[in-house]
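Heads up: the structure comes next, in structure tokens.
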2 protein chains.
Amino acid sequence: MSAIQESAQALEQAIRNSEEFNGLKDAYDTVMNDEIAKKMFDDFRNTQLELQQKQMQGEEITEEEVEKARKVVETVQQHEQISKLMEEEQRVNDLINEISRTITKPLEELYGSQEG
Amino acid sequence: MSAIQESAQALEQAIRNSEEFNGLKDAYDTVMNDEIAKKMFDDFRNTQLELQQKQMQGEEITEEEVEKARKVVETVQQHEQISKLMEEEQRVNDLINEISRTITKPLEELYGSQEG
Ligand SMILES: [Ca+2]
Ligand SMILES: [Ca+2]
């Protein structure tokens with residue numbers, strides 16, 4: 001195994017053992033084991049995905065769709081377990097972004113060295 | 001320092017020491033130290049970026065622009081040092097993608113567990 005593969009697997013294990021990942025796992029399991037919460041969360045995700053896809057394809061998003069999305073967000077934000085899940089997702093996202101910044105430093109240094 | 005930060009920094013160092021990264025660095029320096037190659041490569045990158053931005057913004061790409069891009073690609077592909085740089089970039093991209101797949105495994109397992 002290369003030094004990179006070894007380090008990447010050590011990092012994977014550290015993520016798996018992290019407070020952040022386990023907090024996300026608990027919050028996710030809580031929502032998924034509650035039929036009503038699961039349905040609300042799935043609706044929320046599907047609505048988000050639909051709008052993102054339309055945006056990416058340059059399709060028009062109607063006022064009704066914006067309003068529907070706003071209501072779905074409002075509803076899930078008032079649901080304690082789903083709010084918690086979204087917070088935990090944000091924490092793990094932040095962690096992954098920080099890791100990503102660290103491991104792409106060599107590339108940033110290389111490509112930044114010709115500026116200015 | 002957290003276990004994650006330690007592992008991420010070890011991984012950064014492994015990338016920095018890798019054959020792949022050093023191959024890219026050599027190829028990049030070779031192009032950047034050759035005035036004509038550097039200009040060709042910069043033109044190529046700028047043309048790519050322009051087209052990507054237009055695509056992302058849903059703007060129309062004219063036949064002239066497609067033709068111009070095709071010619072720029074053809075030109076850089078015939079330049080030995082730039083071709084070499086592009087190959088080395090692909091190798092490092094593949095490496096980063098493999099790392100990325102490894103470290104996001106815990107998330108994929110979590111979010112995949114509710115399917116089917
Ligand atoms: Ca610089
Ligand atoms: Ca599954």
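Letters for chains follow the order of the structure tokens (A, B, ...), residue numbers begin at 1 for each chain, and ligand numbers begin at 1 in the order shown.
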Practice item. Residues of chain B near chain A: apply a cut-off of 6 Å, count only C-alpha atoms, and supply the list as a count of residues only. Key: 8
Exercise for review: Report the distance between CA of Thr62 (chain B) and CA of His79 (chain B) in Å, rounded to one decimal place.
Suggested key: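 That distance, rounded to one decimal, is 26.4 Å.
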Practice item. Find the distance between CA of Ser83 (chain A) and CA of Gln53 (chain A) and write it in Å to one decimal. Key: 23.8 Å
Exercise for review: Please identify all polymer residues within 10 Å of Arg70 (chain B), counting only C-alpha atoms, omitting same-chain residues fewer than 6 positions from it, and present them as a ChimeraX atom specification.
Suggested key: /B:44,47,64
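Comparing A:Glu60, A:Glu67, A:Glu109, A:Arg45 by their smallest distance to ligand 1, the closest is A:Glu109 (using only C-alpha atoms and all ligand atoms).
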Practice item. Pick out the closest residue to ligand 1 from this set: A:Asp42, A:Asp34, A:Glu19, A:Glu108. Count only C-alpha atoms and all ligand atoms. Key: A:Glu108
Check your understanding: What is the CA of Ile82 (chain B)-CA of Ile36 (chain B) distance in Å, reported with one decimal?
Key ->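 Atom-to-atom, CA of Ile82 (chain B) and CA of Ile36 (chain B) are spaced 10.7 Å apart.
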Review point. Leaving out Asp43 (chain B) and any residue of its chain fewer than 6 positions from it, which residues lie within 10 Å of it when counting only C-alpha atoms, given as a PyMOL selection string?
Key: chain B and resi 37+49+69+72-73+76
Check your understanding: Which parts of chain B does DSSP call alpha helix (DSSP H) when run on the backbone here, written out as a VMD selection string?
Key -> chain B and resid 3 to 17 19 to 32 35 to 56 63 to 77 80 to 103 105 to 112
